[in-house]
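> Supplied structure: upload_20.tsv, TSV, N, CA and C atoms.
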```tsv
chain	number	residue	atom	x	y	z
A	1	MET	N	178.30	69.49	-77.75
A	1	MET	CA	177.61	69.05	-76.55
A	1	MET	C	178.44	69.41	-75.33
A	2	SER	N	177.80	69.87	-74.29
A	2	SER	CA	178.47	70.29	-73.07
A	2	SER	C	179.03	69.10	-72.31
A	3	GLU	N	180.21	69.27	-71.73
A	3	GLU	CA	180.79	68.23	-70.90
A	3	GLU	C	180.37	68.39	-69.45
A	4	ASN	N	179.60	69.42	-69.15
A	4	ASN	CA	179.13	69.66	-67.79
A	4	ASN	C	177.85	68.86	-67.56
A	5	LYS	N	178.01	67.62	-67.12
A	5	LYS	CA	176.87	66.74	-66.87
A	5	LYS	C	176.90	66.31	-65.42
A	6	VAL	N	175.72	66.11	-64.86
A	6	VAL	CA	175.58	65.62	-63.50
A	6	VAL	C	174.55	64.50	-63.53
A	7	SER	N	174.87	63.39	-62.88
A	7	SER	CA	173.92	62.30	-62.76
A	7	SER	C	173.25	62.40	-61.40
A	8	ILE	N	171.91	62.50	-61.43
A	8	ILE	CA	171.14	62.62	-60.19
A	8	ILE	C	170.04	61.57	-60.23
A	9	ILE	N	169.96	60.80	-59.16
A	9	ILE	CA	168.93	59.78	-59.03
A	9	ILE	C	167.95	60.26	-57.95
A	10	SER	N	166.68	60.20	-58.26
A	10	SER	CA	165.65	60.67	-57.33
A	10	SER	C	164.80	59.49	-56.85
A	11	GLU	N	164.51	59.49	-55.55
A	11	GLU	CA	163.66	58.46	-54.98
A	11	GLU	C	162.68	59.11	-54.01
A	12	LYS	N	161.54	58.49	-53.82
A	12	LYS	CA	160.55	58.96	-52.85
A	12	LYS	C	160.65	58.10	-51.59
A	13	PHE	N	160.58	58.77	-50.45
A	13	PHE	CA	160.60	58.09	-49.16
A	13	PHE	C	159.42	58.58	-48.33
A	14	GLU	N	159.00	57.77	-47.40
A	14	GLU	CA	157.93	58.17	-46.50
A	14	GLU	C	158.50	58.40	-45.11
A	15	ASN	N	158.20	59.57	-44.57
A	15	ASN	CA	158.59	59.89	-43.20
A	15	ASN	C	157.77	58.98	-42.29
A	16	GLU	N	158.45	58.14	-41.52
A	16	GLU	CA	157.74	57.17	-40.69
A	16	GLU	C	156.87	57.80	-39.61
A	17	LYS	N	157.25	58.98	-39.14
A	17	LYS	CA	156.48	59.63	-38.07
A	17	LYS	C	155.27	60.38	-38.60
A	18	THR	N	155.44	61.07	-39.75
A	18	THR	CA	154.36	61.92	-40.25
A	18	THR	C	153.62	61.32	-41.44
A	19	GLY	N	154.21	60.34	-42.10
A	19	GLY	CA	153.61	59.78	-43.31
A	19	GLY	C	153.84	60.63	-44.54
A	20	GLU	N	154.50	61.77	-44.37
A	20	GLU	CA	154.77	62.69	-45.48
A	20	GLU	C	155.73	62.04	-46.48
A	21	GLN	N	155.43	62.24	-47.76
A	21	GLN	CA	156.33	61.78	-48.82
A	21	GLN	C	157.42	62.84	-49.02
A	22	VAL	N	158.67	62.40	-49.00
A	22	VAL	CA	159.79	63.31	-49.22
A	22	VAL	C	160.65	62.75	-50.34
A	23	GLU	N	161.36	63.65	-51.00
A	23	GLU	CA	162.22	63.24	-52.10
A	23	GLU	C	163.66	63.17	-51.62
A	24	GLY	N	164.30	62.06	-51.91
A	24	GLY	CA	165.72	61.91	-51.64
A	24	GLY	C	166.46	61.85	-52.96
A	25	ILE	N	167.64	62.42	-53.00
A	25	ILE	CA	168.42	62.39	-54.24
A	25	ILE	C	169.81	61.84	-53.97
A	26	THR	N	170.35	61.19	-54.97
A	26	THR	CA	171.73	60.72	-54.97
A	26	THR	C	172.43	61.45	-56.11
A	27	ILE	N	173.54	62.09	-55.82
A	27	ILE	CA	174.32	62.80	-56.84
A	27	ILE	C	175.60	62.01	-57.08
A	28	ILE	N	175.83	61.65	-58.32
A	28	ILE	CA	177.03	60.90	-58.68
A	28	ILE	C	178.16	61.90	-58.91
A	29	ILE	N	179.19	61.82	-58.07
A	29	ILE	CA	180.35	62.72	-58.17
A	29	ILE	C	181.34	62.06	-59.12
A	30	ASP	N	181.33	62.50	-60.38
A	30	ASP	CA	182.14	61.87	-61.42
A	30	ASP	C	182.52	62.93	-62.45
A	31	GLY	N	183.47	62.62	-63.29
A	31	GLY	CA	183.85	63.50	-64.40
A	31	GLY	C	184.33	64.85	-63.94
A	32	LYS	N	183.86	65.91	-64.64
A	32	LYS	CA	184.29	67.28	-64.33
A	32	LYS	C	183.87	67.72	-62.93
A	33	LEU	N	182.70	67.25	-62.48
A	33	LEU	CA	182.26	67.58	-61.13
A	33	LEU	C	183.26	67.03	-60.11
A	34	LYS	N	183.69	65.80	-60.28
A	34	LYS	CA	184.70	65.20	-59.40
A	34	LYS	C	186.00	65.99	-59.46
A	35	ASP	N	186.40	66.36	-60.67
A	35	ASP	CA	187.63	67.15	-60.83
A	35	ASP	C	187.55	68.46	-60.05
A	36	MET	N	186.41	69.14	-60.16
A	36	MET	CA	186.24	70.41	-59.44
A	36	MET	C	186.22	70.20	-57.93
A	37	PHE	N	185.52	69.18	-57.49
A	37	PHE	CA	185.48	68.89	-56.05
A	37	PHE	C	186.87	68.54	-55.53
A	38	ASP	N	187.65	67.79	-56.33
A	38	ASP	CA	189.03	67.46	-55.93
A	38	ASP	C	189.87	68.72	-55.78
A	39	ILE	N	189.69	69.69	-56.69
A	39	ILE	CA	190.41	70.96	-56.59
A	39	ILE	C	190.00	71.70	-55.33
A	40	ILE	N	188.70	71.75	-55.06
A	40	ILE	CA	188.22	72.44	-53.85
A	40	ILE	C	188.80	71.79	-52.60
A	41	ILE	N	188.76	70.47	-52.55
A	41	ILE	CA	189.31	69.75	-51.39
A	41	ILE	C	190.79	70.04	-51.23
A	42	ASP	N	191.52	70.04	-52.34
A	42	ASP	CA	192.96	70.30	-52.30
A	42	ASP	C	193.28	71.73	-51.88
A	43	LYS	N	192.58	72.70	-52.46
A	43	LYS	CA	192.87	74.12	-52.20
A	43	LYS	C	192.37	74.60	-50.85
A	44	GLU	N	191.20	74.14	-50.44
A	44	GLU	CA	190.61	74.61	-49.19
A	44	GLU	C	191.25	73.93	-47.98
A	45	GLY	N	191.51	72.65	-48.09
A	45	GLY	CA	192.17	71.93	-47.02
A	45	GLY	C	191.32	71.61	-45.80
A	46	ASN	N	190.07	72.05	-45.76
A	46	ASN	CA	189.23	71.78	-44.59
A	46	ASN	C	188.08	70.82	-44.90
A	47	TYR	N	188.16	70.13	-46.03
A	47	TYR	CA	187.15	69.14	-46.39
A	47	TYR	C	187.77	67.75	-46.36
A	48	SER	N	187.00	66.80	-45.84
A	48	SER	CA	187.51	65.43	-45.80
A	48	SER	C	186.82	64.52	-46.82
A	49	ASP	N	185.69	64.99	-47.38
A	49	ASP	CA	185.01	64.16	-48.37
A	49	ASP	C	184.09	65.02	-49.25
A	50	TYR	N	183.55	64.37	-50.28
A	50	TYR	CA	182.73	65.07	-51.27
A	50	TYR	C	181.42	65.58	-50.67
A	51	LYS	N	180.85	64.88	-49.72
A	51	LYS	CA	179.56	65.34	-49.17
A	51	LYS	C	179.71	66.66	-48.44
A	52	GLU	N	180.86	66.90	-47.81
A	52	GLU	CA	181.09	68.19	-47.16
A	52	GLU	C	181.19	69.31	-48.19
A	53	VAL	N	181.87	69.04	-49.30
A	53	VAL	CA	181.97	70.03	-50.38
A	53	VAL	C	180.58	70.28	-50.96
A	54	MET	N	179.82	69.21	-51.21
A	54	MET	CA	178.49	69.34	-51.79
A	54	MET	C	177.60	70.19	-50.90
A	55	ARG	N	177.66	69.97	-49.60
A	55	ARG	CA	176.86	70.76	-48.65
A	55	ARG	C	177.17	72.25	-48.80
A	56	ASP	N	178.45	72.60	-48.79
A	56	ASP	CA	178.82	74.01	-48.85
A	56	ASP	C	178.53	74.64	-50.21
A	57	VAL	N	178.75	73.88	-51.28
A	57	VAL	CA	178.45	74.39	-52.62
A	57	VAL	C	176.95	74.61	-52.76
A	58	LEU	N	176.16	73.68	-52.25
A	58	LEU	CA	174.70	73.80	-52.31
A	58	LEU	C	174.22	75.03	-51.55
A	59	PHE	N	174.68	75.21	-50.32
A	59	PHE	CA	174.23	76.36	-49.54
A	59	PHE	C	174.76	77.67	-50.10
A	60	SER	N	175.95	77.66	-50.67
A	60	SER	CA	176.48	78.86	-51.31
A	60	SER	C	175.59	79.27	-52.49
A	61	GLY	N	175.19	78.29	-53.28
A	61	GLY	CA	174.30	78.56	-54.41
A	61	GLY	C	172.95	79.06	-53.96
A	62	ILE	N	172.40	78.45	-52.93
A	62	ILE	CA	171.11	78.90	-52.40
A	62	ILE	C	171.22	80.34	-51.90
A	63	ASN	N	172.29	80.65	-51.18
A	63	ASN	CA	172.48	82.02	-50.68
A	63	ASN	C	172.57	83.03	-51.82
A	64	ASN	N	173.19	82.64	-52.94
A	64	ASN	CA	173.25	83.53	-54.10
A	64	ASN	C	171.85	83.85	-54.62
A	65	TYR	N	170.98	82.84	-54.67
A	65	TYR	CA	169.61	83.07	-55.13
A	65	TYR	C	168.83	83.92	-54.13
A	66	VAL	N	169.01	83.68	-52.84
A	66	VAL	CA	168.33	84.48	-51.83
A	66	VAL	C	168.72	85.95	-51.99
A	67	GLU	N	170.00	86.23	-52.14
A	67	GLU	CA	170.46	87.61	-52.31
A	67	GLU	C	169.91	88.21	-53.61
A	68	LYS	N	169.89	87.43	-54.67
A	68	LYS	CA	169.37	87.91	-55.95
A	68	LYS	C	167.90	88.32	-55.81
A	69	TYR	N	167.09	87.48	-55.17
A	69	TYR	CA	165.68	87.78	-55.04
A	69	TYR	C	165.42	88.91	-54.05
A	70	LYS	N	166.27	89.05	-53.03
A	70	LYS	CA	166.13	90.17	-52.11
A	70	LYS	C	166.38	91.48	-52.86
A	71	ASN	N	167.40	91.49	-53.72
A	71	ASN	CA	167.73	92.70	-54.49
A	71	ASN	C	166.64	93.05	-55.50
A	72	GLU	N	165.99	92.01	-56.08
A	72	GLU	CA	164.92	92.25	-57.04
A	72	GLU	C	163.69	92.86	-56.36
A	73	ASN	N	163.48	92.52	-55.11
A	73	ASN	CA	162.29	92.97	-54.39
A	73	ASN	C	162.55	94.27	-53.61
A	74	SER	N	163.74	94.84	-53.73
A	74	SER	CA	164.05	96.08	-53.01
A	74	SER	C	163.61	97.29	-53.77
```
Would you mind writing the file out in structure tokens?

Amino acid sequence: MSENKVSIISEKFENEKTGEQVEGITIIIDGKLKDMFDIIIDKEGNYSDYKEVMRDVLFSGINNYVEKYKNENS
């Protein structure tokens, strides 16, 4: 069994202005994910907390997919 596990909690919220239902998620930073984030924080030196690391890791991953799909459509 893989030790690469992530706990994610999903909730629905209503935008008070538009009434639109949106999904909010909570990511539990624990285990190997916490270990990796701690390494990133230590090595990079420009992060003060896990949410900053999560933001950059998320956008880095999204950018990888954007580039992948751009190359497939070329």
> Give me, please, the distance in Å between atom CA of A:Val53 and atom CA of A:Ser7, quoted to one decimal.
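Computing it gives 16.7 Å between the two atoms.
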> Env of A:Lys32: 7 Å cut, atoms = only N, CA and C atoms, seq-sep filter 2 positions within chain, self excluded. Answer as a count of residues only.
8
> May I ask for the distance between atom C of A:Ile27 and atom N of A:Val6, given in Å to one decimal place?
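Result for atom C of A:Ile27 versus atom N of A:Val6: 8.8 Å, one decimal.
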> Provide the atom C of A:Ile28 to atom N of A:Ile9 distance in Å, to one decimal place.
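These atoms are spaced 8.3 Å apart.
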> Could you name the residues that touch A:Tyr50 at 8 Å or less, counting all atoms listed in the file, but leaving out those on the same chain fewer than 3 positions away, as a PyMOL selection string?
chain A and resi 29+37-38+41+47+53-56
> Pick out each residue of chain A that DSSP on the backbone tags as strand (DSSP E); I need them as a PyMOL selection string.
chain A and resi 7-14+21-28
